file target.txt (compact mmCIF, C-alpha atoms)
# COMPACT_ATOMS: atom_id res chain seq x y z
CA MET A 1 92.00 76.16 107.56
CA PRO A 2 90.78 79.62 108.61
CA ARG A 3 88.60 81.35 106.03
CA PHE A 4 87.67 85.01 106.22
CA LEU A 5 86.11 87.57 103.91
CA HIS A 6 87.30 91.07 103.19
CA ILE A 7 84.77 93.77 102.42
CA THR A 8 85.46 97.49 102.29
CA ASP A 9 84.14 100.89 101.19
CA LEU A 10 80.50 100.05 101.85
CA HIS A 11 79.44 103.74 101.74
CA ILE A 12 76.05 102.92 103.23
CA THR A 13 73.48 105.70 103.57
CA ALA A 14 70.36 105.79 105.69
CA PRO A 15 67.09 105.02 103.89
CA GLY A 16 65.95 108.16 102.11
CA ASP A 17 69.41 109.72 101.85
CA ALA A 18 70.60 110.07 98.28
CA LEU A 19 73.86 108.45 97.21
CA ALA A 20 75.01 109.23 93.71
CA HIS A 21 75.40 106.44 91.16
CA THR A 22 74.83 103.23 93.18
CA ASP A 23 72.46 101.62 95.68
CA THR A 24 74.91 100.42 98.31
CA SER A 25 72.20 99.01 100.56
CA ALA A 26 71.09 96.71 97.73
CA THR A 27 74.71 95.70 97.18
CA PHE A 28 75.09 94.86 100.86
CA ALA A 29 71.94 92.74 100.65
CA ARG A 30 73.57 90.79 97.79
CA LEU A 31 76.63 90.35 100.00
CA VAL A 32 74.53 88.90 102.83
CA ASP A 33 72.98 86.44 100.36
CA ALA A 34 76.40 85.49 98.92
CA VAL A 35 77.90 84.90 102.38
CA GLY A 36 75.01 82.61 103.25
CA ARG A 37 75.75 80.47 100.19
CA LEU A 38 79.49 80.14 100.70
CA ARG A 39 80.80 76.65 101.45
CA PRO A 40 82.75 76.32 103.59
CA ALA A 41 81.33 79.24 105.49
CA PRO A 42 83.80 81.94 106.57
CA ASP A 43 84.93 82.16 110.17
CA PHE A 44 84.62 85.94 110.17
CA ILE A 45 84.38 89.04 107.98
CA VAL A 46 86.64 92.08 108.01
CA ALA A 47 85.08 95.39 106.94
CA SER A 48 87.99 97.76 106.44
CA GLY A 49 86.45 101.21 106.54
CA ASP A 50 84.29 103.78 104.78
CA LEU A 51 81.38 101.91 106.27
CA THR A 52 79.06 104.84 105.57
CA ASP A 53 79.15 107.64 103.04
CA LEU A 54 78.14 110.55 105.30
CA GLY A 55 79.28 109.31 108.70
CA ASP A 56 75.87 109.81 110.33
CA VAL A 57 74.29 107.82 113.16
CA ALA A 58 71.25 106.84 111.09
CA ALA A 59 73.44 105.21 108.43
CA TYR A 60 75.39 103.23 111.03
CA ARG A 61 72.15 102.02 112.60
CA HIS A 62 70.90 101.00 109.15
CA LEU A 63 74.14 99.08 108.49
CA ALA A 64 74.05 97.42 111.92
CA ALA A 65 70.49 96.23 111.23
CA MET A 66 71.41 94.83 107.81
CA ALA A 67 74.50 93.11 109.26
CA GLU A 68 72.27 91.11 111.59
CA GLY A 69 71.64 88.91 108.55
CA LEU A 70 75.26 87.74 108.64
CA ALA A 71 75.77 84.57 110.66
CA VAL A 72 79.47 85.21 111.34
CA PRO A 73 81.27 87.90 113.38
CA VAL A 74 82.25 91.12 111.61
CA VAL A 75 85.38 93.10 112.51
CA TRP A 76 84.63 96.76 111.79
CA ALA A 77 87.42 99.23 110.97
CA LEU A 78 86.97 102.92 110.18
CA GLY A 79 87.97 105.00 107.15
CA ASN A 80 88.01 108.63 106.13
CA HIS A 81 84.26 108.72 105.38
CA ASP A 82 83.49 107.47 108.87
CA ASP A 83 82.82 109.40 112.06
CA ARG A 84 84.06 107.80 115.27
CA ALA A 85 81.43 109.14 117.64
CA ALA A 86 78.58 108.43 115.21
CA PHE A 87 79.87 104.89 114.63
CA ARG A 88 79.95 104.22 118.37
CA ALA A 89 76.43 105.56 118.75
CA GLY A 90 75.06 103.60 115.80
CA PHE A 91 76.73 100.32 116.74
CA SER A 92 76.65 100.75 120.53
CA ALA A 93 80.41 100.25 120.38
CA GLN A 94 82.76 100.86 123.26
CA GLY A 95 85.24 103.70 123.35
CA ALA A 96 85.35 107.38 124.10
CA GLY A 97 83.88 109.86 121.64
CA ASP A 98 86.38 110.81 118.97
CA ALA A 99 89.21 108.50 120.09
CA PRO A 100 90.56 106.11 117.42
CA HIS A 101 88.54 102.92 117.14
CA ASP A 102 91.30 100.32 117.56
CA HIS A 103 90.36 96.83 118.74
CA ASP A 104 91.41 93.21 118.43
CA ALA A 105 90.18 89.66 118.96
CA VAL A 106 91.35 86.10 118.51
CA ILE A 107 89.10 84.34 115.97
CA ALA A 108 89.68 80.90 114.47
CA GLY A 109 93.23 80.89 115.81
CA LEU A 110 94.07 84.25 114.21
CA HIS A 111 94.85 87.47 116.03
CA VAL A 112 92.66 89.96 114.13
CA ILE A 113 93.56 93.61 114.70
CA ALA A 114 91.63 96.64 113.45
CA LEU A 115 93.60 99.89 113.35
CA ASP A 116 91.79 103.18 112.77
CA SER A 117 93.75 105.01 110.06
CA SER A 118 91.20 107.80 109.67
CA VAL A 119 92.43 111.32 110.37
CA PRO A 120 89.48 113.67 111.07
CA GLY A 121 89.20 116.25 108.31
CA LEU A 122 91.60 114.50 105.92
CA VAL A 123 91.20 112.04 103.05
CA SER A 124 94.66 110.61 103.68
CA GLY A 125 95.43 108.21 106.52
CA GLY A 126 97.74 108.07 109.48
CA PHE A 127 98.25 106.88 113.04
CA GLU A 128 98.79 108.65 116.33
CA PRO A 129 101.89 107.42 118.23
CA ALA A 130 99.67 105.94 120.94
CA GLN A 131 98.02 103.70 118.35
CA ILE A 132 101.35 102.10 117.46
CA ASP A 133 102.09 101.60 121.17
CA TRP A 134 98.68 99.94 121.54
CA LEU A 135 99.39 97.67 118.55
CA VAL A 136 102.73 96.53 120.01
CA ALA A 137 101.12 95.84 123.39
CA ARG A 138 98.30 93.79 121.89
CA MET A 139 100.71 91.70 119.85
CA GLN A 140 102.79 91.07 122.98
CA ALA A 141 99.61 89.85 124.68
CA HIS A 142 99.21 87.15 122.01
CA PRO A 143 102.73 85.92 121.27
CA GLY A 144 103.20 83.46 118.44
CA LEU A 145 99.76 83.80 116.90
CA PRO A 146 99.41 84.49 113.18
CA ARG A 147 97.88 87.92 112.63
CA VAL A 148 95.58 89.72 110.23
CA LEU A 149 95.43 93.53 110.26
CA ALA A 150 92.52 95.63 109.01
CA ILE A 151 93.60 99.16 107.99
CA HIS A 152 91.53 101.31 105.64
CA HIS A 153 94.49 103.10 104.03
CA PRO A 154 97.11 100.74 102.57
CA PRO A 155 100.79 101.29 103.43
CA ARG A 156 102.69 103.64 101.14
CA ILE A 157 105.14 101.82 98.89
CA ASP A 158 105.64 104.46 96.17
CA PRO A 159 107.33 107.59 97.58
CA ASP A 160 106.85 109.44 94.28
CA MET A 161 103.13 108.83 93.85
CA ALA A 162 101.46 111.92 92.42
CA LEU A 163 98.47 111.75 94.77
CA ARG A 164 99.48 111.49 98.41
CA TRP A 165 96.09 110.69 99.87
CA PRO A 166 95.44 107.13 98.61
CA ALA A 167 97.73 105.62 101.27
CA LEU A 168 99.03 105.96 104.79
CA ASP A 169 101.34 108.89 105.28
CA ALA A 170 105.05 108.11 105.13
CA SER A 171 105.74 108.37 108.87
CA SER A 172 102.81 106.09 109.74
CA THR A 173 103.96 103.58 107.13
CA ARG A 174 107.44 103.51 108.70
CA ALA A 175 106.03 103.20 112.22
CA LEU A 176 103.76 100.33 111.20
CA ALA A 177 106.64 98.51 109.49
CA ALA A 178 108.77 98.77 112.63
CA ALA A 179 105.93 97.60 114.86
CA ILE A 180 105.13 94.42 112.91
CA ALA A 181 108.72 93.45 112.09
CA GLY A 182 109.26 89.84 113.10
CA GLN A 183 105.55 89.23 113.67
CA GLU A 184 103.57 86.53 111.88
CA VAL A 185 101.39 88.93 109.89
CA ARG A 186 99.60 86.84 107.28
CA ALA A 187 97.81 89.76 105.62
CA ILE A 188 96.88 93.42 105.82
CA LEU A 189 93.37 94.12 104.53
CA SER A 190 92.78 97.60 103.08
CA GLY A 191 90.49 99.57 100.81
CA HIS A 192 90.16 103.29 100.06
CA VAL A 193 91.30 103.21 96.42
CA HIS A 194 88.33 101.26 94.95
CA VAL A 195 90.43 98.76 92.98
CA ASN A 196 91.38 95.13 93.41
CA ARG A 197 95.08 95.21 94.12
CA MET A 198 97.72 92.99 95.73
CA LEU A 199 100.85 94.51 97.26
CA MET A 200 103.86 92.78 98.77
CA TRP A 201 105.05 95.19 101.44
CA GLY A 202 108.16 94.06 103.27
CA GLY A 203 107.12 90.48 102.64
CA VAL A 204 103.58 91.03 103.97
CA PRO A 205 100.66 90.62 101.54
CA VAL A 206 98.42 93.71 101.43
CA ILE A 207 95.00 92.78 100.06
CA VAL A 208 93.12 95.77 98.62
CA THR A 209 89.53 95.16 97.53
CA MET A 210 87.47 97.43 95.26
CA GLY A 211 84.62 97.65 97.75
CA GLN A 212 80.88 97.86 97.35
CA GLN A 213 80.14 101.32 96.01
CA SER A 214 82.08 101.69 92.75
CA ALA A 215 85.37 100.90 91.07
CA ILE A 216 88.16 102.94 89.49
CA ASP A 217 89.29 102.01 85.98
CA PRO A 218 93.10 101.92 86.34
CA VAL A 219 93.66 102.20 82.58
CA GLN A 220 92.05 105.62 82.18
CA GLU A 221 94.84 107.89 83.38
CA PRO A 222 95.41 110.71 84.24
CA GLU A 223 91.64 111.06 84.59
CA TRP A 224 89.78 108.89 87.04
CA HIS A 225 86.93 106.94 85.48
CA VAL A 226 84.56 105.78 88.22
CA VAL A 227 82.73 102.73 86.90
CA GLU A 228 80.24 100.19 88.15
CA GLY A 229 81.92 97.57 90.25
CA ALA A 230 81.43 95.83 93.56
CA GLY A 231 82.90 92.76 95.15
CA PHE A 232 84.64 91.16 98.07
CA ALA A 233 87.62 88.92 98.72
CA ILE A 234 87.56 85.34 99.99
CA CYS A 235 90.76 84.65 101.94
CA ASP A 236 91.83 81.10 102.78
CA LEU A 237 94.85 80.42 104.97
CA TYR A 238 96.70 77.12 104.63
CA GLY A 239 99.35 77.38 107.32
CA ALA A 240 101.68 80.14 106.11
CA ASP A 241 100.12 80.14 102.61
CA LEU A 242 97.37 82.57 101.63
CA GLN A 243 94.90 82.25 98.77
CA VAL A 244 92.77 85.28 97.81
CA THR A 245 89.80 84.96 95.48
CA TYR A 246 88.00 88.09 94.34
CA ALA A 247 84.24 87.59 94.04
CA PRO A 248 81.98 90.00 92.12
CA LEU A 249 78.73 91.30 93.58
CA GLY A 250 77.21 92.55 90.34
CA GLU A 251 74.39 90.88 88.46
CA ALA A 252 76.56 89.28 85.80
CA ARG A 253 75.09 87.44 82.81
CA LEU A 254 75.53 83.68 83.13
CA LEU A 255 77.34 82.21 80.13
CA HIS A 256 77.60 78.54 81.00
CA ARG A 257 77.36 76.14 83.94
CA ILE A 258 80.05 73.57 84.72
CA THR A 259 79.29 70.94 87.34
CA GLU A 260 81.90 69.80 89.83
CA ASP A 261 82.02 66.37 88.16
CA GLU A 262 82.64 68.00 84.77
CA ALA A 263 85.43 70.12 86.18
CA ARG A 264 87.12 67.10 87.75
CA ALA A 265 86.87 65.22 84.46
CA TYR A 266 89.00 67.72 82.57
CA PRO A 267 92.42 66.22 81.68

call {"tool": "encode", "arguments": {"input": "target.txt", "output": "structure tokens"}}
result
Amino acid sequence: MPRFLHITDLHITAPGDALAHTDTSATFARLVDAVGRLRPAPDFIVASGDLTDLGDVAAYRHLAAMAEGLAVPVVWALGNHDDRAAFRAGFSAQGAGDAPHDHDAVIAGLHVIALDSSVPGLVSGGFEPAQIDWLVARMQAHPGLPRVLAIHHPPRIDPDMALRWPALDASSTRALAAAIAGQEVRAILSGHVHVNRMLMWGGVPVIVTMGQQSAIDPVQEPEWHVVEGAGFAICDLYGADLQVTYAPLGEARLLHRITEDEARAYP
């Protein structure tokens, strides 16, 4: 049973740099503590973009140092707040300068693929044609494996959405759909919109997690109310079945404790 965690929108800043509203380094420290207490432990963690708030080398180095406290591998994807060259410098990651940071690995029997949906200078997301070609080639290199994709911007499913930037552009959404057709994609892990949301896109579950900086209150429309909120998703695969559990990272007030024996005793 592979288990993996989904984190997103970390918006880390270097020590001394101001970040409005929340202390994302403290939130990440709570994440490290929570991961250490999880049983069973996850096989890996996917971080699906907006790793830093300012996209500077110092922030990436700070994040890399904090991530050393995690005992499991982390798959890093990039979002619109990220800078490719600065990420590579801060994490000593491979790749050339400003080229998209696309990479993959086989972990716990899953083909995990990170696609860089950031478009320099834009809030919205998209892919270059070469990225789709790379994706197809990597899937051909691992035929038959179940797959998990990490993409910061979720696929576009509403063509009439008032704001165009919270998702992949339409052409990239179509190209991605064509590329993964017939593949065993168990989940796409995304962020960007700072809400917990589940999409079914062409039969593929798209798991969107609120992230670790703040949350958007979806009830307060047309205004956007940015509220306190941080969390991550625990994803358990049982063959072709997927269970997603959203876990909060706030300091919630404990109301009551229920032991495992008490829970099992309920009729």

call {"tool": "residues_around", "arguments": {"input": "target.txt", "residues": "His192 of chain A", "least_positions_apart": "6", "cutoff": "9 Å", "atoms": "all atoms listed in the file", "output": "list of chain:residue names"}}
result
A:Thr8, A:Asp9, A:Ser48, A:Gly49, A:Asp50, A:Gly79, A:Asn80, A:His152, A:His153, A:Pro154, A:Pro166, A:Ala167, A:Val208, A:Thr209, A:Met210, A:Gly211

call {"tool": "residues_near_point", "arguments": {"input": "target.txt", "point": "(94.2, 93.9, 117.1)", "cutoff": "10 Å", "atoms": "all atoms listed in the file", "output": "list of chain:residue names"}}
result
A:Val75, A:Asp102, A:His103, A:Asp104, A:Ala105, A:Val106, A:His111, A:Val112, A:Ile113, A:Ala114, A:Leu115, A:Trp134, A:Leu135, A:Val136, A:Ala137, A:Arg138, A:Met139, A:His142, A:Arg147, A:Val148, A:Leu149, A:Ala150

call {"tool": "atom_distance", "arguments": {"input": "target.txt", "atom1": "atom CA of Tyr238 of chain A", "atom2": "atom CA of Ile157 of chain A"}}
result
26.7 Å

call {"tool": "closest_residue", "arguments": {"input": "target.txt", "among": "A:Leu199, A:Ala85, A:Ala108, A:Ala77", "to": "Val57 of chain A", "atoms": "only C-alpha atoms"}}
result
A:Ala85

call {"tool": "closest_residue", "arguments": {"input": "target.txt", "among": "A:Pro120, A:Ile12, A:Trp201, A:Leu70", "to": "Ile45 of chain A", "atoms": "only C-alpha atoms"}}
result
A:Leu70

call {"tool": "closest_residue", "arguments": {"input": "target.txt", "among": "A:Arg197, A:Met1, A:Ser124, A:Asp82", "to": "Asp43 of chain A", "atoms": "all atoms listed in the file"}}
result
A:Met1

call {"tool": "closest_residue", "arguments": {"input": "target.txt", "among": "A:Pro2, A:His21, A:Ala67, A:Ile132", "to": "Asp241 of chain A", "atoms": "only C-alpha atoms"}}
result
A:Pro2

call {"tool": "closest_residue", "arguments": {"input": "target.txt", "among": "A:Gly203, A:His6, A:Gly90, A:Phe232", "to": "Ala181 of chain A", "atoms": "all atoms listed in the file"}}
result
A:Gly203

call {"tool": "closest_residue", "arguments": {"input": "target.txt", "among": "A:Ala177, A:Leu237, A:Leu242, A:Ala18", "to": "Gly109 of chain A", "atoms": "all atoms listed in the file"}}
result
A:Leu237

call {"tool": "residues_around", "arguments": {"input": "target.txt", "residues": "Gln243 of chain A", "least_positions_apart": "4", "cutoff": "10 Å", "atoms": "all atoms listed in the file", "output": "ChimeraX atom specification"}}
result
/A:3,233-238

call {"tool": "atom_distance", "arguments": {"input": "target.txt", "atom1": "atom CA of Ala215 of chain A", "atom2": "atom CA of Gly231 of chain A"}}
result
9.4 Å

call {"tool": "axis_aligned_box", "arguments": {"input": "target.txt", "around": "segment 143-146 of chain A", "padding_each_side": "3 Å", "output": "JSON"}}
result
{"center_x": 101.3, "center_y": 84.7, "center_z": 117.2, "size_x": 9.8, "size_y": 8.5, "size_z": 14.1}

call {"tool": "atom_distance", "arguments": {"input": "target.txt", "atom1": "atom CA of Ile7 of chain A", "atom2": "atom CA of Gln212 of chain A"}}
result
7.6 Å

call {"tool": "residues_around", "arguments": {"input": "target.txt", "residues": "Pro155 of chain A", "least_positions_apart": "4", "cutoff": "9 Å", "atoms": "all atoms listed in the file", "output": "ChimeraX atom specification"}}
result
/A:151,167-170,172-174,176-177,190,201,206

call {"tool": "residues_around", "arguments": {"input": "target.txt", "residues": "segment 36-41 of chain A", "least_positions_apart": "3", "cutoff": "9 Å", "atoms": "all atoms listed in the file", "output": "number ranges by chain"}}
result
A: 3-4, 31-33, 44, 69-72

call {"tool": "decode", "arguments": {"input": "target.txt", "residues": "segment 74-159 of chain A", "atoms": "C-alpha atoms", "output": "compact mmCIF listing (two decimals), in the first residue's frame"}}
result
# COMPACT_ATOMS: atom_id res chain seq x y z
CA VAL A 74 10.59 14.87 -1.42
CA VAL A 75 9.57 15.43 -5.05
CA TRP A 76 9.82 19.17 -5.71
CA ALA A 77 7.71 20.84 -8.42
CA LEU A 78 7.72 24.54 -9.28
CA GLY A 79 4.93 27.13 -9.35
CA ASN A 80 4.45 30.71 -10.43
CA HIS A 81 6.17 32.15 -7.32
CA ASP A 82 9.26 30.07 -8.01
CA ASP A 83 12.37 30.93 -10.01
CA ARG A 84 13.97 28.05 -11.90
CA ALA A 85 17.57 29.22 -11.76
CA ALA A 86 17.33 30.23 -8.10
CA PHE A 87 15.75 26.88 -7.21
CA ARG A 88 18.57 25.00 -8.92
CA ALA A 89 21.15 27.09 -7.10
CA GLY A 90 19.47 26.73 -3.72
CA PHE A 91 18.88 22.99 -4.00
CA SER A 92 21.95 22.13 -6.10
CA ALA A 93 19.48 20.63 -8.57
CA GLN A 94 20.38 19.52 -12.06
CA GLY A 95 19.21 21.31 -15.17
CA ALA A 96 20.09 24.32 -17.24
CA GLY A 97 19.30 27.80 -15.96
CA ASP A 98 15.76 28.82 -16.82
CA ALA A 99 14.69 25.55 -18.49
CA PRO A 100 11.54 23.92 -17.06
CA HIS A 101 12.24 21.74 -14.04
CA ASP A 102 10.64 18.47 -15.16
CA HIS A 103 11.79 15.22 -13.57
CA ASP A 104 10.56 11.77 -12.61
CA ALA A 105 11.38 8.78 -10.43
CA VAL A 106 9.97 5.40 -9.52
CA ILE A 107 9.18 5.34 -5.78
CA ALA A 108 7.30 2.59 -3.93
CA GLY A 109 6.20 1.09 -7.24
CA LEU A 110 4.75 4.40 -8.49
CA HIS A 111 6.01 6.45 -11.41
CA VAL A 112 6.10 9.95 -9.89
CA ILE A 113 6.36 12.76 -12.43
CA ALA A 114 6.85 16.47 -11.68
CA LEU A 115 5.88 18.83 -14.49
CA ASP A 116 6.84 22.50 -14.28
CA SER A 117 3.69 24.48 -15.12
CA SER A 118 5.22 27.85 -14.26
CA VAL A 119 5.36 30.41 -17.05
CA PRO A 120 7.93 33.14 -16.26
CA GLY A 121 6.19 36.46 -15.75
CA LEU A 122 2.67 35.00 -15.51
CA VAL A 123 0.42 33.88 -12.67
CA SER A 124 -1.34 31.37 -14.92
CA GLY A 125 0.20 28.05 -15.91
CA GLY A 126 1.10 26.25 -19.09
CA PHE A 127 3.47 23.84 -20.80
CA GLU A 128 5.90 24.16 -23.66
CA PRO A 129 5.38 21.51 -26.40
CA ALA A 130 8.73 19.93 -25.52
CA GLN A 131 7.48 19.27 -22.00
CA ILE A 132 4.60 17.17 -23.29
CA ASP A 133 7.01 15.26 -25.54
CA TRP A 134 9.22 14.63 -22.50
CA LEU A 135 6.22 13.41 -20.48
CA VAL A 136 5.22 10.92 -23.20
CA ALA A 137 8.79 9.64 -23.47
CA ARG A 138 9.13 9.13 -19.73
CA MET A 139 5.85 7.23 -19.54
CA GLN A 140 6.99 5.02 -22.42
CA ALA A 141 10.14 4.28 -20.43
CA HIS A 142 8.03 2.87 -17.58
CA PRO A 143 5.18 0.99 -19.25
CA GLY A 144 2.43 -0.39 -17.06
CA LEU A 145 3.35 1.43 -13.88
CA PRO A 146 0.71 3.41 -11.99
CA ARG A 147 1.54 7.11 -12.07
CA VAL A 148 1.23 10.20 -9.92
CA LEU A 149 1.71 13.64 -11.48
CA ALA A 150 2.71 16.79 -9.60
CA ILE A 151 1.59 19.98 -11.40
CA HIS A 152 1.21 23.30 -9.59
CA HIS A 153 -1.68 24.58 -11.72
CA PRO A 154 -4.66 22.20 -11.86
CA PRO A 155 -6.18 21.33 -15.26
CA ARG A 156 -8.90 23.65 -16.49
CA ILE A 157 -12.35 22.07 -16.34
CA ASP A 158 -14.53 25.20 -16.45
CA PRO A 159 -14.15 27.03 -19.78
